[in-house]
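**Q** Contents of entry-v1.cif (mmCIF, C-alpha atoms and all ligand atoms):
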```
data_final
#
loop_
_atom_site.label_atom_id
_atom_site.label_comp_id
_atom_site.auth_asym_id
_atom_site.auth_seq_id
_atom_site.Cartn_x
_atom_site.Cartn_y
_atom_site.Cartn_z
CA MET Y 153 -27.21 22.87 105.06
CA VAL Y 154 -28.50 25.09 107.85
CA ARG Y 155 -31.91 25.02 106.26
CA CYS Y 156 -31.77 21.28 106.04
CA LEU Y 157 -30.89 21.05 109.73
CA LEU Y 158 -33.67 23.44 110.58
CA LEU Y 159 -36.07 21.30 108.63
CA VAL Y 160 -34.97 18.19 110.51
CA VAL Y 161 -35.35 19.99 113.83
CA LYS Y 162 -38.76 21.25 112.80
CA LYS Y 163 -39.82 17.81 111.69
CA GLU Y 164 -38.71 16.39 114.98
CA ALA Y 165 -40.61 19.08 116.83
CA ILE Y 166 -43.72 18.24 114.87
CA SER Y 167 -43.41 14.53 115.52
CA ASN Y 168 -42.83 15.28 119.22
CA GLN Y 169 -45.89 17.42 119.18
CA GLN Y 170 -47.80 14.60 117.52
CA LEU Y 171 -46.59 12.26 120.22
CA THR Y 172 -47.81 14.57 122.97
CA ILE Y 173 -51.14 14.91 121.22
CA ASN Y 174 -51.40 11.15 120.94
CA LYS Y 175 -50.51 10.85 124.60
CA ILE Y 176 -53.15 13.35 125.60
CA MET Y 177 -55.67 11.55 123.44
CA GLN Y 178 -54.82 8.29 125.13
CA ASN Y 179 -55.11 9.81 128.56
CA LYS Y 180 -58.35 11.54 127.65
CA SER Y 181 -57.36 14.44 129.81
CA TRP Y 182 -60.11 16.72 128.53
CA VAL Y 183 -63.68 16.40 129.62
CA SER Y 184 -65.42 14.52 126.87
CA LEU Y 185 -69.17 14.54 126.54
CA PHE Y 186 -69.35 10.76 126.64
CA PRO Y 187 -67.00 8.27 128.20
CA GLU Y 188 -65.61 5.60 125.92
CA ASP Y 189 -67.69 2.57 125.00
CA ALA Y 190 -65.70 -0.28 126.41
CA SER Y 191 -68.11 -3.04 127.35
CA THR Y 192 -70.45 -5.32 125.46
CA PHE Y 193 -73.59 -3.53 126.59
CA ALA Y 194 -72.31 0.05 126.57
CA TRP Y 195 -73.81 0.75 123.13
CA GLN Y 196 -77.23 -0.45 124.29
CA VAL Y 197 -77.23 2.02 127.15
CA ASP Y 198 -76.17 4.78 124.75
CA TYR Y 199 -78.84 3.94 122.19
CA LEU Y 200 -81.55 3.95 124.83
CA TYR Y 201 -80.25 7.24 126.15
CA PHE Y 202 -80.16 8.82 122.68
CA TYR Y 203 -83.66 7.54 122.01
CA LEU Y 204 -84.91 9.21 125.21
CA ILE Y 205 -83.21 12.44 124.23
CA ALA Y 206 -84.69 12.25 120.71
CA VAL Y 207 -88.22 11.73 122.07
CA SER Y 208 -87.82 14.62 124.53
CA VAL Y 209 -86.38 16.97 121.90
CA PHE Y 210 -89.12 16.07 119.40
CA PHE Y 211 -91.94 16.85 121.82
CA THR Y 212 -90.25 19.98 123.21
CA VAL Y 213 -89.91 21.40 119.69
CA ALA Y 214 -93.42 20.31 118.66
CA ILE Y 215 -95.01 21.90 121.74
CA VAL Y 216 -93.09 25.17 121.47
CA VAL Y 217 -93.92 25.47 117.77
CA ALA Y 218 -97.59 24.72 118.49
CA ILE Y 219 -97.70 27.38 121.23
CA PHE Y 220 -96.40 30.04 118.85
CA TYR Y 221 -98.56 28.92 115.97
CA PHE Y 222 -101.78 28.84 118.01
CA SER Y 223 -101.09 32.12 119.77
CA ILE Y 224 -100.77 33.84 116.41
CA GLN Y 225 -103.41 31.93 114.49
CA TYR Y 226 -106.06 32.12 117.20
CA ARG Y 227 -105.23 35.44 118.78
CA GLU Y 228 -108.15 37.65 119.76
CA LYS Y 229 -109.28 39.28 116.56
CA GLU Y 230 -112.38 40.97 117.81
CA LYS Y 231 -113.34 41.90 121.36
CA TYR Y 232 -115.76 39.61 123.25
CA ALA Y 233 -116.23 37.18 120.36
CA THR Y 234 -117.90 33.86 121.34
CA PRO Y 235 -116.35 30.98 119.42
CA ASP Y 236 -118.16 27.70 118.64
CA GLU Y 237 -117.95 25.11 121.39
CA ILE Y 238 -116.32 21.77 120.61
CA HIS Y 239 -117.66 18.59 122.23
CA GLY Y 240 -115.19 15.71 122.08
CA SER Y 241 -113.76 13.79 119.15
CA ILE Y 242 -113.27 10.02 119.43
CA PRO Y 243 -110.65 9.74 116.62
CA LEU Y 244 -108.64 12.61 118.08
CA GLU Y 245 -108.73 11.15 121.59
CA LEU Y 246 -107.70 7.71 120.30
CA PHE Y 247 -104.88 9.35 118.36
CA TRP Y 248 -103.41 11.17 121.33
CA SER Y 249 -103.81 8.18 123.65
CA PHE Y 250 -102.43 5.52 121.34
CA ILE Y 251 -99.26 7.30 120.22
CA PRO Y 252 -97.98 8.15 123.72
CA PHE Y 253 -98.83 4.59 124.75
CA VAL Y 254 -96.69 3.16 121.95
CA ILE Y 255 -93.83 5.55 122.73
CA SER Y 256 -93.84 4.80 126.45
CA MET Y 257 -93.94 1.06 125.75
CA THR Y 258 -90.87 1.30 123.51
CA ILE Y 259 -89.06 3.11 126.33
CA PHE Y 260 -90.18 0.45 128.80
CA LEU Y 261 -89.12 -2.42 126.54
CA GLY Y 262 -85.77 -0.81 125.73
CA GLY Y 263 -85.13 -0.23 129.44
CA ALA Y 264 -86.17 -3.77 130.34
CA VAL Y 265 -83.85 -5.31 127.75
CA VAL Y 266 -80.89 -3.20 128.85
CA TYR Y 267 -81.60 -3.92 132.51
CA TYR Y 268 -81.90 -7.64 131.89
CA ASN Y 269 -78.62 -7.74 129.98
CA GLN Y 270 -76.82 -5.83 132.70
CA TYR Y 271 -78.08 -7.60 135.79
CA LYS Y 272 -78.55 -11.18 134.61
CA ILE Y 273 -75.15 -12.56 135.46
CA PRO Y 274 -73.89 -15.01 132.83
CA ALA Y 275 -72.83 -18.40 134.15
CA ASP Y 276 -69.35 -18.62 132.63
CA ASN Y 277 -67.93 -15.72 134.59
CA MET Y 278 -64.72 -14.91 136.37
CA GLU Y 279 -65.60 -13.82 139.90
CA ILE Y 280 -63.80 -11.02 141.70
CA TYR Y 281 -64.59 -9.82 145.22
CA VAL Y 282 -64.93 -6.14 146.00
CA VAL Y 283 -65.15 -4.68 149.49
CA GLY Y 284 -65.86 -0.97 149.81
CA LYS Y 285 -64.57 0.96 152.76
CA GLN Y 286 -64.27 4.62 153.65
CA TRP Y 287 -62.56 5.54 151.34
CA MET Y 288 -61.17 2.86 149.16
CA TRP Y 289 -62.06 -0.17 147.06
CA LYS Y 290 -60.44 -3.40 148.15
CA ILE Y 291 -60.40 -6.03 145.47
CA GLN Y 292 -59.42 -9.66 145.58
CA HIS Y 293 -59.02 -12.09 142.70
CA GLN Y 294 -59.82 -15.79 142.87
CA THR Y 295 -56.13 -16.48 142.47
CA GLY Y 296 -55.31 -14.51 145.60
CA GLN Y 297 -54.01 -11.21 144.21
CA ARG Y 298 -55.24 -8.16 146.07
CA GLU Y 299 -55.56 -4.63 144.77
CA ILE Y 300 -56.66 -1.32 146.17
CA ASN Y 301 -58.46 1.19 143.94
CA GLU Y 302 -57.28 -0.74 140.92
CA LEU Y 303 -58.93 -3.54 139.05
CA HIS Y 304 -57.09 -5.55 136.43
CA VAL Y 305 -59.24 -7.62 134.10
CA PRO Y 306 -58.69 -9.43 130.83
CA VAL Y 307 -60.43 -8.20 127.69
CA GLY Y 308 -63.24 -10.36 126.31
CA ARG Y 309 -63.94 -12.23 129.55
CA LYS Y 310 -67.16 -12.05 131.51
CA VAL Y 311 -66.26 -10.64 134.90
CA LYS Y 312 -68.61 -10.86 137.86
CA LEU Y 313 -68.07 -8.62 140.85
CA THR Y 314 -69.46 -9.73 144.19
CA MET Y 315 -69.50 -6.64 146.34
CA THR Y 316 -70.14 -5.54 149.87
CA THR Y 317 -68.97 -2.84 152.25
CA GLU Y 318 -67.42 -2.62 155.68
CA ASP Y 319 -69.09 0.59 156.68
CA THR Y 320 -71.52 2.74 154.81
CA LEU Y 321 -73.24 2.72 151.45
CA HIS Y 322 -70.99 3.11 148.40
CA SER Y 323 -71.65 2.66 144.71
CA PHE Y 324 -69.31 1.00 142.24
CA PHE Y 325 -69.35 2.83 138.95
CA ILE Y 326 -67.37 2.33 135.73
CA PRO Y 327 -68.68 4.87 133.20
CA ALA Y 328 -66.84 3.35 130.24
CA PHE Y 329 -68.65 0.07 130.87
CA ARG Y 330 -71.97 1.86 131.51
CA THR Y 331 -72.48 -0.10 134.67
CA LYS Y 332 -73.04 0.79 138.29
CA ALA Y 333 -74.33 -0.91 141.43
CA ASP Y 334 -74.81 0.17 144.99
CA VAL Y 335 -72.64 -1.56 147.56
CA VAL Y 336 -74.76 -2.06 150.63
CA PRO Y 337 -73.83 -2.88 154.22
CA GLY Y 338 -74.99 -6.33 155.25
CA ARG Y 339 -75.63 -7.78 151.83
CA TYR Y 340 -74.02 -8.75 148.57
CA THR Y 341 -74.69 -7.02 145.32
CA THR Y 342 -73.28 -8.17 142.03
CA LEU Y 343 -72.60 -6.69 138.68
CA TRP Y 344 -70.94 -8.03 135.58
CA PHE Y 345 -69.30 -6.75 132.45
CA GLU Y 346 -67.29 -7.91 129.51
CA ALA Y 347 -64.67 -5.36 128.48
CA THR Y 348 -64.21 -4.99 124.76
CA LYS Y 349 -61.13 -2.77 124.48
CA PRO Y 350 -57.83 -2.88 126.33
CA GLY Y 351 -57.21 0.40 128.12
CA LYS Y 352 -57.37 2.31 131.36
CA TYR Y 353 -60.79 3.41 132.54
CA HIS Y 354 -61.95 5.45 135.48
CA LEU Y 355 -63.65 3.80 138.39
CA TYR Y 356 -65.71 5.84 140.83
CA CYS Y 357 -67.68 5.71 144.01
CA ALA Y 358 -70.99 7.16 142.92
CA GLU Y 359 -72.73 7.53 146.25
CA TYR Y 360 -71.86 10.24 148.73
CA CYS Y 361 -70.19 8.36 151.56
CA GLY Y 362 -68.45 10.97 153.67
CA LEU Y 363 -65.51 13.32 153.68
CA ASN Y 364 -63.29 11.71 151.07
CA HIS Y 365 -66.03 10.36 148.85
CA SER Y 366 -64.64 12.28 145.88
CA GLY Y 367 -61.28 10.60 146.31
CA MET Y 368 -62.74 7.12 146.42
CA GLY Y 369 -61.96 6.14 142.89
CA GLY Y 370 -59.37 4.43 140.83
CA TRP Y 371 -58.71 2.71 137.56
CA VAL Y 372 -59.79 -0.36 135.74
CA TYR Y 373 -57.04 -1.83 133.58
CA VAL Y 374 -58.32 -3.92 130.72
CA MET Y 375 -55.56 -6.10 129.34
CA GLU Y 376 -55.08 -8.70 126.66
CA GLN Y 377 -55.31 -12.17 128.16
CA LYS Y 378 -51.55 -12.80 127.94
CA ASP Y 379 -50.77 -9.43 129.57
CA PHE Y 380 -53.28 -10.23 132.25
CA ASP Y 381 -51.66 -13.60 132.86
CA ASN Y 382 -48.29 -11.84 133.12
CA TRP Y 383 -49.75 -9.38 135.56
CA LEU Y 384 -51.20 -12.18 137.68
CA ALA Y 385 -47.88 -14.00 137.64
CA GLY Y 386 -45.98 -10.83 138.46
CA SER Y 387 -48.02 -9.66 141.44
CA VAL Y 388 -47.69 -11.10 144.86
CA SER Y 389 -50.53 -13.46 145.49
CA ASP Y 390 -51.88 -13.82 148.93
CA GLN Y 391 -53.80 -16.85 150.01
CA THR Y 392 -56.64 -17.37 147.56
CA PRO Y 393 -60.10 -16.65 148.98
CA VAL Y 394 -60.72 -20.41 149.17
CA GLN Y 395 -57.46 -21.03 151.04
CA LEU Y 396 -58.12 -18.14 153.40
CA GLY Y 397 -61.63 -19.43 153.97
CA GLU Y 398 -60.39 -22.92 154.67
CA ASP Y 399 -57.84 -21.58 157.11
CA LEU Y 400 -60.53 -19.64 158.96
CA PHE Y 401 -62.89 -22.59 158.82
CA THR Y 402 -60.55 -25.22 160.15
CA ASN Y 403 -58.17 -23.22 162.34
CA LYS Y 404 -58.89 -19.63 163.24
CA LEU Y 405 -62.65 -19.73 163.80
CA GLY Y 406 -62.99 -23.42 164.49
CA CYS Y 407 -66.07 -23.93 162.31
CA ALA Y 408 -64.78 -27.38 161.44
CA SER Y 409 -65.31 -28.65 164.96
CA CYS Y 410 -69.06 -28.72 164.29
CA HIS Y 411 -69.37 -28.56 160.51
CA ALA Y 412 -66.93 -31.31 159.55
CA GLY Y 413 -65.86 -34.70 160.77
CA ALA Y 414 -67.78 -37.78 161.89
CA ASN Y 415 -70.23 -36.51 164.48
CA GLN Y 416 -71.38 -33.25 163.06
CA ARG Y 417 -73.47 -31.04 165.26
CA GLY Y 418 -73.72 -28.36 162.62
CA ALA Y 419 -75.33 -28.57 159.21
CA LYS Y 420 -73.42 -30.33 156.51
CA LEU Y 421 -71.97 -27.83 154.06
CA GLU Y 422 -70.82 -29.99 151.19
CA GLY Y 423 -72.96 -29.53 148.13
CA ILE Y 424 -75.31 -26.93 149.57
CA TYR Y 425 -74.10 -23.91 147.64
CA ASN Y 426 -76.86 -22.49 145.46
CA HIS Y 427 -79.12 -25.39 146.35
CA GLU Y 428 -82.33 -25.49 148.26
CA VAL Y 429 -82.07 -26.03 151.99
CA LYS Y 430 -84.98 -27.07 154.22
CA LEU Y 431 -85.39 -25.01 157.33
CA VAL Y 432 -86.97 -25.68 160.69
CA GLY Y 433 -90.62 -24.81 160.25
CA GLY Y 434 -90.88 -26.18 156.73
CA GLN Y 435 -89.60 -23.20 154.76
CA THR Y 436 -86.93 -23.64 152.16
CA VAL Y 437 -84.22 -21.24 151.12
CA ILE Y 438 -81.52 -21.20 148.47
CA ALA Y 439 -78.11 -21.37 150.13
CA ASP Y 440 -76.59 -18.48 148.24
CA ASP Y 441 -73.96 -15.97 149.33
CA GLN Y 442 -76.48 -13.97 151.29
CA TYR Y 443 -77.89 -16.98 153.15
CA ILE Y 444 -74.43 -18.22 154.13
CA ARG Y 445 -73.46 -14.76 155.28
CA ASN Y 446 -76.62 -14.47 157.37
CA SER Y 447 -76.03 -17.90 158.86
CA ILE Y 448 -72.58 -16.90 160.05
CA LEU Y 449 -73.60 -13.57 161.54
CA ASN Y 450 -77.06 -14.50 162.74
CA PRO Y 451 -77.12 -18.27 163.08
CA GLY Y 452 -80.42 -18.33 164.95
CA GLY Y 453 -82.29 -16.72 162.07
CA GLN Y 454 -82.74 -19.59 159.65
CA ILE Y 455 -81.90 -22.98 161.10
CA VAL Y 456 -81.51 -25.97 158.85
CA GLU Y 457 -84.03 -28.70 159.56
CA GLY Y 458 -82.70 -31.40 161.85
CA TYR Y 459 -80.25 -29.20 163.74
CA GLN Y 460 -80.31 -27.42 167.08
CA PRO Y 461 -79.83 -23.66 167.36
CA ILE Y 462 -76.51 -24.02 169.13
CA MET Y 463 -74.22 -22.02 166.89
CA PRO Y 464 -72.88 -18.79 168.40
CA THR Y 465 -72.89 -15.65 166.32
CA PHE Y 466 -69.70 -14.56 164.65
CA LYS Y 467 -70.81 -10.98 164.36
CA GLY Y 468 -67.92 -8.66 165.11
CA GLN Y 469 -65.39 -11.47 164.83
CA VAL Y 470 -65.13 -11.70 161.08
CA THR Y 471 -64.40 -8.94 158.62
CA GLU Y 472 -66.23 -8.59 155.33
CA GLU Y 473 -63.21 -9.96 153.52
CA GLN Y 474 -63.12 -13.00 155.79
CA LEU Y 475 -66.84 -13.56 155.22
CA VAL Y 476 -66.30 -13.49 151.49
CA ALA Y 477 -63.46 -15.99 151.91
CA LEU Y 478 -65.61 -18.31 154.04
CA ILE Y 479 -68.33 -18.21 151.40
CA ALA Y 480 -65.75 -18.94 148.69
CA TYR Y 481 -64.61 -21.95 150.71
CA ILE Y 482 -68.14 -23.26 151.28
CA LYS Y 483 -68.78 -22.77 147.58
CA SER Y 484 -65.66 -24.79 146.80
CA LEU Y 485 -67.07 -27.63 148.93
CA SER Y 486 -69.89 -27.88 146.40
CA GLY Y 487 -67.49 -27.97 143.48
CA ASP Y 488 -67.62 -31.61 142.38
CA THR Y 489 -69.33 -33.29 145.26
CA SER Y 490 -72.83 -33.51 143.91
CA GLY Y 491 -73.20 -37.15 144.95
CA ALA Y 492 -71.76 -36.70 148.41
CA ALA Y 493 -74.49 -34.46 149.69
CA THR Y 494 -77.29 -36.76 148.66
CA GLY Y 495 -75.76 -40.01 149.87
CA SER Y 496 -75.59 -39.85 153.62
CA SER Y 497 -77.70 -37.03 154.76
CA SER Y 498 -80.63 -36.62 152.45
CA THR Y 499 -83.07 -37.48 155.21
CA LYS Y 500 -81.29 -35.40 157.73
CA SER Y 501 -80.88 -31.86 156.71
CA MET Y 502 -81.22 -30.88 153.14
CA GLU Y 503 -82.95 -31.71 149.95
CA THR Y 504 -81.16 -33.42 147.13
CA PRO Y 505 -79.62 -30.94 144.74
CA LYS Y 506 -81.99 -29.90 142.05
CA LYS Y 507 -81.37 -31.78 138.84
CA GLU Y 508 -81.71 -28.95 136.39
CA GLU Y 509 -79.12 -26.83 138.11
CA PRO Y 510 -75.60 -27.54 136.92
CA GLN Y 511 -73.46 -28.67 139.81
CA GLY Y 512 -70.90 -26.14 140.82
CA ALA Y 513 -72.69 -23.33 139.08
CA ILE Y 514 -71.00 -20.29 140.44
CA THR Y 515 -73.69 -17.85 139.71
CA ASN Y 516 -76.70 -16.79 141.60
CA PRO Y 517 -79.42 -16.64 138.99
CA LYS Y 518 -81.38 -14.08 140.90
CA ILE Y 519 -80.85 -10.39 140.84
CA PRO Y 520 -79.72 -9.44 144.32
CA ASN Y 521 -80.56 -5.79 143.79
CA ASN Y 522 -84.20 -6.50 143.44
CA ARG Y 523 -84.67 -9.41 145.67
CA PRO Y 524 -86.47 -8.83 148.91
CA ASN Y 525 -84.27 -9.80 151.78
CA GLU Y 526 -84.98 -13.42 152.51
CA ASN Y 527 -84.04 -13.07 156.09
CA PRO Y 528 -85.83 -10.18 157.71
CA VAL Y 529 -84.12 -10.82 161.04
CA GLU Y 530 -80.75 -10.17 159.49
CA SER Y 531 -81.67 -7.24 157.35
CA ASN Y 532 -80.81 -4.72 160.00
CA GLY Y 533 -78.77 -6.92 162.23
CA GLY Y 534 -75.97 -7.15 159.72
CA VAL Y 535 -75.41 -3.44 159.68
CA LYS Y 536 -72.81 -2.52 162.16
CU1 LIG A 1 -67.70 5.59 148.78
CU2 LIG A 1 -68.68 7.61 147.98
#
```
Would you kindly transcribe this structure into structure tokens?
Ligand code: CUA
**A**
Amino acid sequence: MVRCLLLVVKKEAISNQQLTINKIMQNKSWVSLFPEDASTFAWQVDYLYFYLIAVSVFFTVAIVVAIFYFSIQYREKEKYATPDEIHGSIPLELFWSFIPFVISMTIFLGGAVVYYNQYKIPADNMEIYVVGKQWMWKIQHQTGQREINELHVPVGRKVKLTMTTEDTLHSFFIPAFRTKADVVPGRYTTLWFEATKPGKYHLYCAEYCGLNHSGMGGWVYVMEQKDFDNWLAGSVSDQTPVQLGEDLFTNKLGCASCHAGANQRGAKLEGIYNHEVKLVGGQTVIADDQYIRNSILNPGGQIVEGYQPIMPTFKGQVTEEQLVALIAYIKSLSGDTSGAATGSSSTKSMETPKKEEPQGAITNPKIPNNRPNENPVESNGGVK
């Protein structure tokens, strides 16, 4: 009887132990060599990385072995011997030029494919805004929910992050997704991912940004769609970015007094988002996030053809989060109004929307990271 009881107690102890082990395994509290693979392109990054390591190890070993072999084989056997001179060998030279060329091209191609997959934002994405600040990440969902140092996303959805910062340079880094992008004052950078496994993953700032840089991190929670919907329903939602933007536009900042209504003095904004806009002086520019941002902070920089440079700057009056909201609102004006923009004002200010571009496309097809700043006037001006 006592033995039986002991056995039960022991069994319980073991299962408790197992539970703790499971818990630890879930929390990943030890330092593992590699973070988990939890996004669609994580394995590609790993494969490329392993390939680079394999190439380096192969040549390191080959060279070290050759050094030892040659130093023994061709050591000085007799004093002051004069060996035969060798004058070139075309096959040998072709051999040692061609093989490194092929190897370096495979590295280049692998890198290009991985880069393209990571920074070409897919069109059917779910956009989330991220504003970095010393020392926290402020996140806002399209549905209005705000988070700090936490990011909840559904599994299996393409998520696009549009990011900027209020102060200095930061870098948004999720190791488990193998993705990272600098967050730069005065401009928008984007990154995207599709999480493949529900779970809790570390999120870091990966650019030294001052005293509490090391504390500027948090967690990404990847949830099943229904859990995510529950989470959205359960958290307090603020105004959505579009609502906040509309409020700023019509009430707080008074943009509407020039940019809406019958006698507009400011450029018409319906239907411009991600479309070409003609500027004074004959240039054209795509009215993307960056252009709209520049136009709010530095209105004199790139004036739309047919309008006077009368708009005052809003620099210092709008926060980064408000700017993002204003852009979201202007974007929403282009939602389903493809005909509206062409009807009345095609001669006045802007070109007709390009046919091949789907109306309401919410993605900037360009890679902001690599794009030269289209507005040189703003490039420093935006940094406060
Ligand atoms: Cu922000 Cu380091």
**Q** Of the candidates Y:Ala480, Y:Val470, Y:Ala358, Y:Ile238, which one gets nearest to ligand LIG 1 (chain A) if we count only C-alpha atoms and all ligand atoms?
**A**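 Distance minimum relative to ligand LIG 1 (chain A) lands on Y:Ala358.
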**Q** Point out the residue among Y:Ile444, Y:Ala347, Y:Leu200, Y:Leu303 with the least atom-to-atom distance to Ile280 in chain Y, counting all atoms listed in the file.
**A** Y:Leu303
**Q** Hey, can you check how far CA of Arg227 in chain Y sits from CA of His239 in chain Y?
**A**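 Taking CA of Arg227 in chain Y as the start and CA of His239 in chain Y as the end point, the length is 21.2 Å.
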**Q** Find the residues near ligand LIG 1 (chain A). Use a cut-off of 10 Å, count all atoms listed in the file, and write them as an MDAnalysis selection string.
**A** chainID Y and resid 284:289 317 319:324 334:335 356:369
**Q** Any idea what's packed within 12 Å of range 388-398 of chain Y, counting all atoms listed in the file, ignoring anything in its chain fewer than 4 positions away? Could you give it as a PDB file with C-alpha atoms, keeping the file's coordinate frame?
**A**
```
ATOM      1  CA  GLU Y 279     -65.600 -13.820 139.900  1.00  0.00           C
ATOM      2  CA  ILE Y 280     -63.800 -11.020 141.700  1.00  0.00           C
ATOM      3  CA  TYR Y 281     -64.590  -9.820 145.220  1.00  0.00           C
ATOM      4  CA  VAL Y 282     -64.930  -6.140 146.000  1.00  0.00           C
ATOM      5  CA  ILE Y 291     -60.400  -6.030 145.470  1.00  0.00           C
ATOM      6  CA  GLN Y 292     -59.420  -9.660 145.580  1.00  0.00           C
ATOM      7  CA  HIS Y 293     -59.020 -12.090 142.700  1.00  0.00           C
ATOM      8  CA  GLN Y 294     -59.820 -15.790 142.870  1.00  0.00           C
ATOM      9  CA  THR Y 295     -56.130 -16.480 142.470  1.00  0.00           C
ATOM     10  CA  GLY Y 296     -55.310 -14.510 145.600  1.00  0.00           C
ATOM     11  CA  GLN Y 297     -54.010 -11.210 144.210  1.00  0.00           C
ATOM     12  CA  ARG Y 298     -55.240  -8.160 146.070  1.00  0.00           C
ATOM     13  CA  GLU Y 299     -55.560  -4.630 144.770  1.00  0.00           C
ATOM     14  CA  ASN Y 382     -48.290 -11.840 133.120  1.00  0.00           C
ATOM     15  CA  TRP Y 383     -49.750  -9.380 135.560  1.00  0.00           C
ATOM     16  CA  LEU Y 384     -51.200 -12.180 137.680  1.00  0.00           C
ATOM     17  CA  THR Y 402     -60.550 -25.220 160.150  1.00  0.00           C
ATOM     18  CA  ASN Y 403     -58.170 -23.220 162.340  1.00  0.00           C
ATOM     19  CA  LYS Y 404     -58.890 -19.630 163.240  1.00  0.00           C
ATOM     20  CA  LEU Y 405     -62.650 -19.730 163.800  1.00  0.00           C
ATOM     21  CA  GLY Y 406     -62.990 -23.420 164.490  1.00  0.00           C
ATOM     22  CA  CYS Y 407     -66.070 -23.930 162.310  1.00  0.00           C
ATOM     23  CA  ALA Y 408     -64.780 -27.380 161.440  1.00  0.00           C
ATOM     24  CA  ALA Y 412     -66.930 -31.310 159.550  1.00  0.00           C
ATOM     25  CA  VAL Y 470     -65.130 -11.700 161.080  1.00  0.00           C
ATOM     26  CA  THR Y 471     -64.400  -8.940 158.620  1.00  0.00           C
ATOM     27  CA  GLU Y 472     -66.230  -8.590 155.330  1.00  0.00           C
ATOM     28  CA  GLU Y 473     -63.210  -9.960 153.520  1.00  0.00           C
ATOM     29  CA  GLN Y 474     -63.120 -13.000 155.790  1.00  0.00           C
ATOM     30  CA  LEU Y 475     -66.840 -13.560 155.220  1.00  0.00           C
ATOM     31  CA  VAL Y 476     -66.300 -13.490 151.490  1.00  0.00           C
ATOM     32  CA  ALA Y 477     -63.460 -15.990 151.910  1.00  0.00           C
ATOM     33  CA  LEU Y 478     -65.610 -18.310 154.040  1.00  0.00           C
ATOM     34  CA  ILE Y 479     -68.330 -18.210 151.400  1.00  0.00           C
ATOM     35  CA  ALA Y 480     -65.750 -18.940 148.690  1.00  0.00           C
ATOM     36  CA  TYR Y 481     -64.610 -21.950 150.710  1.00  0.00           C
ATOM     37  CA  ILE Y 482     -68.140 -23.260 151.280  1.00  0.00           C
ATOM     38  CA  LYS Y 483     -68.780 -22.770 147.580  1.00  0.00           C
ATOM     39  CA  SER Y 484     -65.660 -24.790 146.800  1.00  0.00           C
ATOM     40  CA  LEU Y 485     -67.070 -27.630 148.930  1.00  0.00           C
ATOM     41  CA  GLY Y 487     -67.490 -27.970 143.480  1.00  0.00           C
TER      42      GLY Y 487
END
```
**Q** Figure out the distance between CA of Phe211 in chain Y and CA of Leu244 in chain Y, please, to one decimal in Å.
**A**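 Between CA of Leu244 in chain Y and CA of Phe211 in chain Y the gap is 17.6 Å.
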**Q** Any idea what the distance is between CA of Ile251 in chain Y and CA of Tyr199 in chain Y?
**A**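 One can read the CA of Ile251 in chain Y to CA of Tyr199 in chain Y distance as 20.8 Å.
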**Q** Enclose range 328-336 of chain Y, meaning all of its atoms listed in the file, in a box aligned along x, y and z, pad it by 4 Å on each side, and list the centre and edge lengths in Å to one decimal, as JSON.
**A**
```
{"center_x": -70.8, "center_y": 0.6, "center_z": 140.4, "size_x": 16.0, "size_y": 13.4, "size_z": 28.4}
```
**Q** Pick from Y:Thr341, Y:His304, Y:Val254, Y:Phe380: nearest to Ile273 in chain Y, with only C-alpha atoms counted?
**A**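 Closest to Ile273 in chain Y of all the choices is Y:Thr341.
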**Q** Applying 10 Å and all atoms listed in the file, which residues near range 434-436 of chain Y remain after dropping the ones on its own chain fewer than 3 positions away? List them as a ChimeraX atom specification.
**A** /Y:427-431,439,454-457,502-503
**Q** Extract, using all atoms listed in the file, all DNA, RNA and protein residues at most 10 Å from Asn269 in chain Y, discarding same-chain residues fewer than 5 positions from it, and format them as a PyMOL selection string.
**A** chain Y and resi 192-193+196+263-264+274+344-345
